Amino acid sequence: MGEIEARIDFSKLKCFPETGTQNNNNKIISKAFLESAYQVVESIESFGKLFTPIVKDMRGNVKRLETKYKVNEQTFYYLEDLVLLDKDGNENIFDAVTEGLLWLKRALEMIEIFFRNMLEDESCSDNVKHHLRKAYEDALLPYHGFLAQKGFQFLHHCVPTRTTLLGPSESNRQNVEALKNFLVTFRANLDHLNNFFEVNNLNRTYKV
């Protein structure tokens, strides 16, 4: 029997852009962020067809941001400016683009927490359902109503095993290291966006 191939090869994923002291403007480059977000969506697609609703929702929000970015790539070079600039006369800063980024950020946070929990699990348990459930509770549960919660209760039982996602433990060391590296700027981007939404009073707590 041949060796099981990892469903996600993290060495092939482009890391999220640098933030903070590594970026003189302390802003996130829109194009780089969207490219990395697309890759995360494709990774979730590899979880299986039952995850299609999540993939479709995330991809739709990335597309919404990308469409706005392409209207004026110079003006919207940075993700923050995509939200704050050129509101087309709309005094309400919380428009469709801002909402798209808010929900995309929350979904990405669930994914980042899920993979980080997997890495921090010293037992390296092949069953990672509880890691996805905990990530969901931390990132999305507060904003989901009854039906959305019920949908996820079913979905988390269908997440692939650690071996399926990362490869067998005896040969996945490089993939695990690539995942660790990928999560560094992934987490930094999410922290940066969380602060951006807080400072600009853009957070919304309504449930879907």
# chains A, B, ... in the order shown; residues from 1 in each chain; ligands from 1
$ select_by_dssp --residues "segment 16-139 of chain A" --states "helix (DSSP H, G or I)" --output "PyMOL selection string"
chain A and resi 20-22+30-45+49-71+79-84+96-120+129-139
$ atom_distance --atom1 "atom CA of Phe114 of chain A" --atom2 "atom CA of Tyr143 of chain A"
17.7 Å
$ closest_atom_pairs --of "segment 61-87 of chain A" --to "segment 38-48 of chain A" --cutoff "12 Å" --atoms "only C-alpha atoms" --output "CSV"
residue,atom,partner,partner_atom,distance
A:Asn61,CA,A:Tyr38,CA,10.1
A:Val62,CA,A:Tyr38,CA,7.0
A:Lys63,CA,A:Tyr38,CA,9.1
A:Leu65,CA,A:Tyr38,CA,11.4
A:Glu66,CA,A:Tyr38,CA,10.4
$ closest_residue --among "A:Leu79, A:Cys15, A:Val208, A:Ile54" --to "Val184 of chain A" --atoms "only C-alpha atoms"
A:Cys15
$ residues_around --residues "segment 125-135 of chain A" --least-positions-apart "6" --cutoff "12 Å" --atoms "only C-alpha atoms" --output "JSON, numbers by chain"
{"A": [44, 47, 106, 107, 108, 109, 110, 111, 112, 113, 114, 115, 116, 117, 118, 119, 141, 142, 149, 152, 153, 154, 155, 156, 157, 158, 159, 160, 161, 162, 163, 164, 165, 166, 167, 168, 169]}
$ atom_distance --atom1 "atom CA of Lys31 of chain A" --atom2 "atom CA of Gln174 of chain A"
27.4 Å
$ residues_around --residues "segment 68-73 of chain A" --least-positions-apart "4" --cutoff "12 Å" --atoms "only C-alpha atoms" --output "PyMOL selection string"
chain A and resi 29-34+61-64+77-83+85-88+95-98+100-101
$ closest_residue --among "A:Lys105, A:Lys56, A:Lys207, A:Lys49" --to "Arg187 of chain A" --atoms "only C-alpha atoms"
A:Lys105
$ residues_around --residues "Phe10 of chain A" --least-positions-apart "6" --cutoff "7 Å" --atoms "only C-alpha atoms" --output "VMD selection string"
chain A and resid 175 178 to 179
